[in-house]
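For reference, the structure is listed below as structure tokens.
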Amino acid sequence: MLSDKEKERYSRQVLIPGWNQEKLKQANVLVVGLGGLGSASALYLAAAGIGRLHLCDGDRVELSDLNRQMLYSESSLGLLKVEEASRRIGALNPSVAIVRHNAYLDSRNAAEIIAGCQVIVDGLDSLEPRFILNQESVLRGIPYVYGAVQGWQGYAGFFHPPQTACLACLLRPGAFKPDRVPVWGVTPGAIGLIQAGEVVKWTLGQNPSLQGRLLIYDGASLSFEIISVEKDPACPVCSRA
Ligand SMILES: [Zn+2]
């Protein structure tokens, strides 16, 4: 049941046809990586009233994060991202329960971090943990909302085998990995919000628009292109799902 305060807080969004605030309140959403992408998705998911946000990051806030990671401010420098993110989200919407994982996701801790979550939001900046997330999401039948950015370009997708392809149908480990990817705030902001929107649609029982598809965003020319991602019959991760 929504409290009177919650009814007031969400009074504008419950006017949207098909909205169900109770469903959002009951949701458990995992955001892995609390950088530029995770800042955008976690803040908007919290504002929308996702009941329980599971946050995972082992990093501390640096000055060079502040051009794009809107969860933090200069007073956050040197502090754990997961703690600062929890504090900021708590100030925005104290009715959201936070589960904190001060850790980098790897193959040893992934199962424990994902436990109890219904959808995974990718806020990562490297491929290796993305493949672990993808694999775990396929194993558990949980949708995985991909996001990635570089410079003015961003990508988003919603993968949920066996209905759709998975990340490994699209990318394979060993793809190039630059040390310091160029990025400014609007790119992960735009992609993180698209990810949040797909999570909310899924939670409301609606069809995410990026199911089995990849959005390619180019902020420099301001173009949005959506392509289908075909299932790879030889995919090492999802071909048996
Ligand atoms: Zn696959």
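Labels used: A, B, ... for chains in the order of the structure tokens, numbers from 1 for residues in each chain, and numbers from 1 for ligands as shown.
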
| task | Give the residue list for ligand 1 at 12 Å, counting only C-alpha atoms and all ligand atoms, as an MDAnalysis selection string, sorted by chain and then by residue number. | result | chainID A and resid 131 134:135 137:139 144 159:172 212 229:241

Limited to N, CA, C and O atoms, could you put the picked residues into a file as a compact mmCIF listing (two decimals), in the first residue's frame?
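This is the output file again_21.txt:
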```txt
# COMPACT_ATOMS: atom_id res chain seq x y z
N PHE A 131 30.21 -9.20 -19.37
CA PHE A 131 29.96 -10.57 -19.80
C PHE A 131 29.56 -11.44 -18.61
O PHE A 131 28.75 -12.36 -18.76
N ASN A 134 25.95 -10.59 -18.05
CA ASN A 134 25.15 -11.17 -19.12
C ASN A 134 24.94 -12.66 -18.86
O ASN A 134 23.82 -13.18 -18.95
N GLN A 135 26.02 -13.34 -18.53
CA GLN A 135 25.95 -14.78 -18.29
C GLN A 135 25.02 -15.10 -17.12
O GLN A 135 24.18 -16.00 -17.21
N SER A 137 22.64 -13.24 -15.95
CA SER A 137 21.25 -12.88 -16.27
C SER A 137 20.61 -13.96 -17.12
O SER A 137 19.44 -14.30 -16.93
N VAL A 138 21.37 -14.55 -18.05
CA VAL A 138 20.83 -15.64 -18.87
C VAL A 138 20.54 -16.86 -18.01
O VAL A 138 19.48 -17.48 -18.11
N LEU A 139 21.49 -17.19 -17.12
CA LEU A 139 21.31 -18.34 -16.23
C LEU A 139 20.05 -18.23 -15.39
O LEU A 139 19.34 -19.19 -15.17
N TYR A 144 18.62 -8.08 -18.74
CA TYR A 144 19.86 -7.34 -18.59
C TYR A 144 19.78 -6.10 -19.49
O TYR A 144 19.61 -6.23 -20.70
N PHE A 159 18.24 -7.19 -23.12
CA PHE A 159 18.49 -8.58 -23.50
C PHE A 159 17.83 -9.53 -22.49
O PHE A 159 18.03 -9.38 -21.28
N HIS A 160 17.08 -10.49 -23.02
CA HIS A 160 16.34 -11.40 -22.14
C HIS A 160 16.09 -12.73 -22.85
O HIS A 160 14.95 -13.01 -23.26
N PRO A 161 17.16 -13.53 -23.02
CA PRO A 161 16.96 -14.84 -23.64
C PRO A 161 16.01 -15.71 -22.81
O PRO A 161 15.97 -15.53 -21.59
N PRO A 162 15.26 -16.65 -23.41
CA PRO A 162 15.38 -17.04 -24.81
C PRO A 162 14.55 -16.17 -25.77
O PRO A 162 14.63 -16.38 -26.97
N GLN A 163 13.80 -15.20 -25.26
CA GLN A 163 12.98 -14.38 -26.16
C GLN A 163 13.85 -13.51 -27.07
O GLN A 163 13.43 -13.17 -28.17
N THR A 164 15.02 -13.10 -26.59
CA THR A 164 15.88 -12.20 -27.36
C THR A 164 17.30 -12.75 -27.42
O THR A 164 17.63 -13.72 -26.74
N ALA A 165 18.12 -12.08 -28.21
CA ALA A 165 19.57 -12.33 -28.18
C ALA A 165 20.12 -11.91 -26.82
O ALA A 165 19.41 -11.33 -25.99
N CYS A 166 21.39 -12.20 -26.57
CA CYS A 166 22.06 -11.72 -25.36
C CYS A 166 23.25 -10.86 -25.78
O CYS A 166 23.56 -10.74 -26.97
N LEU A 167 23.94 -10.30 -24.78
CA LEU A 167 25.08 -9.43 -25.10
C LEU A 167 26.16 -10.18 -25.87
O LEU A 167 26.80 -9.62 -26.76
N ALA A 168 26.33 -11.47 -25.55
CA ALA A 168 27.40 -12.25 -26.20
C ALA A 168 27.05 -12.59 -27.64
O ALA A 168 27.93 -12.98 -28.41
N CYS A 169 25.77 -12.47 -28.03
CA CYS A 169 25.41 -12.60 -29.45
C CYS A 169 25.91 -11.37 -30.22
O CYS A 169 26.14 -11.43 -31.43
N LEU A 170 26.02 -10.24 -29.51
CA LEU A 170 26.39 -8.97 -30.13
C LEU A 170 27.89 -8.72 -30.07
O LEU A 170 28.49 -8.26 -31.03
N LEU A 171 28.48 -9.00 -28.90
CA LEU A 171 29.90 -8.72 -28.67
C LEU A 171 30.56 -9.98 -28.15
O LEU A 171 29.92 -10.80 -27.50
N ARG A 172 31.83 -10.06 -28.39
CA ARG A 172 32.59 -11.20 -27.85
C ARG A 172 33.73 -10.69 -26.99
O ARG A 172 34.28 -9.63 -27.27
N GLY A 212 15.75 -7.11 -27.45
CA GLY A 212 16.44 -7.72 -28.59
C GLY A 212 16.90 -6.72 -29.62
O GLY A 212 17.13 -7.08 -30.77
N VAL A 229 19.11 -7.06 -32.89
CA VAL A 229 20.24 -7.92 -32.55
C VAL A 229 19.75 -9.36 -32.70
O VAL A 229 18.86 -9.79 -31.94
N GLU A 230 20.27 -10.05 -33.68
CA GLU A 230 19.81 -11.42 -33.94
C GLU A 230 20.46 -12.38 -32.96
O GLU A 230 21.62 -12.22 -32.59
N LYS A 231 19.70 -13.40 -32.59
CA LYS A 231 20.27 -14.46 -31.77
C LYS A 231 21.32 -15.21 -32.57
O LYS A 231 21.08 -15.57 -33.73
N ASP A 232 22.48 -15.42 -31.97
CA ASP A 232 23.52 -16.19 -32.63
C ASP A 232 23.32 -17.66 -32.23
O ASP A 232 23.44 -18.00 -31.05
N PRO A 233 23.01 -18.53 -33.21
CA PRO A 233 22.76 -19.94 -32.87
C PRO A 233 23.97 -20.61 -32.23
O PRO A 233 23.82 -21.63 -31.56
N ALA A 234 25.14 -20.01 -32.43
CA ALA A 234 26.36 -20.58 -31.84
C ALA A 234 26.83 -19.79 -30.62
O ALA A 234 27.95 -19.95 -30.14
N CYS A 235 25.96 -18.92 -30.09
CA CYS A 235 26.36 -18.09 -28.94
C CYS A 235 26.75 -19.00 -27.76
O CYS A 235 25.98 -19.88 -27.37
N PRO A 236 27.95 -18.76 -27.17
CA PRO A 236 28.38 -19.62 -26.06
C PRO A 236 27.55 -19.43 -24.81
O PRO A 236 27.59 -20.28 -23.91
N VAL A 237 26.79 -18.34 -24.72
CA VAL A 237 26.05 -18.07 -23.49
C VAL A 237 24.58 -18.46 -23.62
O VAL A 237 24.04 -19.15 -22.76
N CYS A 238 23.90 -18.02 -24.66
CA CYS A 238 22.44 -18.16 -24.68
C CYS A 238 21.93 -19.20 -25.66
O CYS A 238 20.72 -19.41 -25.72
N SER A 239 22.80 -19.85 -26.41
CA SER A 239 22.28 -20.75 -27.45
C SER A 239 21.54 -21.93 -26.85
O SER A 239 20.69 -22.52 -27.50
N ARG A 240 21.81 -22.24 -25.59
CA ARG A 240 21.10 -23.36 -24.96
C ARG A 240 19.93 -22.89 -24.11
O ARG A 240 19.20 -23.69 -23.56
N ALA A 241 19.80 -21.54 -23.99
CA ALA A 241 18.71 -21.01 -23.14
C ALA A 241 17.38 -21.10 -23.86
O ALA A 241 17.33 -21.09 -25.08
```

DSSP strand (DSSP E) residues within segment 29-222 of chain A, listed as a count of residues only: 38

**Asked** What's the 6 Å shell around segment 90-96 of chain A, counting only C-alpha atoms, without same-chain residues fewer than 2 positions away, as a PyMOL selection string?
**Response** chain A and resi 51-52+86-88

- Query: Got a sec: who's within 6 Å of Leu55 of chain A, counting only C-alpha atoms, leaving out chain neighbours fewer than 3 positions off, as number ranges by chain?
  - Reply: A: 31, 100-101

Considering only C-alpha atoms, return as a ChimeraX atom specification whatever protein or nucleic-acid residues lie within 7 Å of Val145 of chain A, sequence-local ones (same chain, fewer than 3 positions apart) excluded.
-> /A:120-122,157-159,195

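Atom pair atom CA of Gly192 of chain A / atom CA of Ser41 of chain A: separated by 4.7 Å.
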
| Contacts of Asn20 of chain A at 12 Å or less, counting only C-alpha atoms, minus same-chain residues fewer than 4 places along, as an NGL selection string? | :A and (1-2 or 7 or 10-11 or 13-16 or 24-27 or 48-50 or 200-206)

Store the residues picked out above in a file with N, CA, C and O atoms, as a compact mmCIF listing (two decimals), in the first residue's frame.
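The result, stored in again.txt:
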```txt
# COMPACT_ATOMS: atom_id res chain seq x y z
N MET A 1 0.84 -1.21 0.00
CA MET A 1 0.00 0.00 0.00
C MET A 1 0.87 1.25 0.00
O MET A 1 1.87 1.32 0.69
N LEU A 2 0.45 2.23 -0.76
CA LEU A 2 1.18 3.49 -0.80
C LEU A 2 0.73 4.37 0.37
O LEU A 2 -0.45 4.44 0.69
N LYS A 7 1.57 8.79 -2.25
CA LYS A 7 0.51 9.15 -3.21
C LYS A 7 0.73 10.57 -3.72
O LYS A 7 0.55 10.85 -4.92
N TYR A 10 4.03 10.75 -6.05
CA TYR A 10 3.92 10.15 -7.39
C TYR A 10 2.65 10.59 -8.12
O TYR A 10 2.28 9.98 -9.13
N SER A 11 2.01 11.64 -7.61
CA SER A 11 0.68 11.98 -8.13
C SER A 11 0.70 12.36 -9.61
O SER A 11 -0.30 12.17 -10.30
N GLN A 13 2.89 11.09 -11.98
CA GLN A 13 3.18 9.96 -12.88
C GLN A 13 2.07 8.91 -12.89
O GLN A 13 1.89 8.23 -13.90
N VAL A 14 1.31 8.81 -11.80
CA VAL A 14 0.22 7.82 -11.80
C VAL A 14 -0.90 8.24 -12.77
O VAL A 14 -1.78 7.43 -13.07
N LEU A 15 -0.83 9.47 -13.26
CA LEU A 15 -1.80 9.91 -14.29
C LEU A 15 -1.51 9.28 -15.65
O LEU A 15 -2.35 9.31 -16.55
N ILE A 16 -0.31 8.72 -15.81
CA ILE A 16 0.07 8.14 -17.10
C ILE A 16 -0.68 6.83 -17.29
O ILE A 16 -0.68 5.97 -16.40
N LEU A 24 6.02 -0.73 -9.05
CA LEU A 24 7.36 -0.14 -8.89
C LEU A 24 7.84 -0.28 -7.45
O LEU A 24 9.00 -0.58 -7.19
N LYS A 25 6.92 -0.10 -6.52
CA LYS A 25 7.29 -0.17 -5.10
C LYS A 25 7.77 -1.59 -4.73
O LYS A 25 8.60 -1.76 -3.85
N GLN A 26 7.23 -2.59 -5.40
CA GLN A 26 7.61 -3.96 -5.08
C GLN A 26 8.85 -4.44 -5.82
O GLN A 26 9.32 -5.56 -5.62
N ALA A 27 9.40 -3.60 -6.69
CA ALA A 27 10.49 -4.04 -7.56
C ALA A 27 11.85 -4.01 -6.85
O ALA A 27 12.12 -3.16 -6.01
N ALA A 48 11.45 7.77 -9.31
CA ALA A 48 10.21 7.15 -9.80
C ALA A 48 9.58 6.23 -8.76
O ALA A 48 8.44 5.82 -8.92
N GLY A 49 10.35 5.87 -7.71
CA GLY A 49 9.76 5.06 -6.64
C GLY A 49 9.99 3.57 -6.75
O GLY A 49 9.19 2.78 -6.23
N ILE A 50 11.09 3.15 -7.41
CA ILE A 50 11.47 1.73 -7.36
C ILE A 50 11.69 1.38 -5.89
O ILE A 50 12.40 2.07 -5.16
N VAL A 200 11.55 0.62 -16.13
CA VAL A 200 10.21 0.95 -15.63
C VAL A 200 9.15 0.27 -16.49
O VAL A 200 8.18 -0.29 -15.96
N LYS A 201 9.32 0.28 -17.81
CA LYS A 201 8.35 -0.43 -18.67
C LYS A 201 8.27 -1.90 -18.30
O LYS A 201 7.19 -2.47 -18.17
N TRP A 202 9.44 -2.51 -18.14
CA TRP A 202 9.48 -3.93 -17.78
C TRP A 202 8.76 -4.15 -16.45
O TRP A 202 7.95 -5.08 -16.31
N THR A 203 9.04 -3.30 -15.47
CA THR A 203 8.46 -3.45 -14.14
C THR A 203 6.94 -3.26 -14.17
O THR A 203 6.21 -3.90 -13.43
N LEU A 204 6.49 -2.39 -15.05
CA LEU A 204 5.04 -2.15 -15.18
C LEU A 204 4.34 -3.26 -15.97
O LEU A 204 3.12 -3.25 -16.10
N GLY A 205 5.13 -4.20 -16.50
CA GLY A 205 4.53 -5.28 -17.28
C GLY A 205 4.33 -4.91 -18.74
O GLY A 205 3.59 -5.59 -19.47
N GLN A 206 4.97 -3.85 -19.17
CA GLN A 206 4.88 -3.44 -20.58
C GLN A 206 6.10 -3.96 -21.33
O GLN A 206 7.09 -4.36 -20.72
```
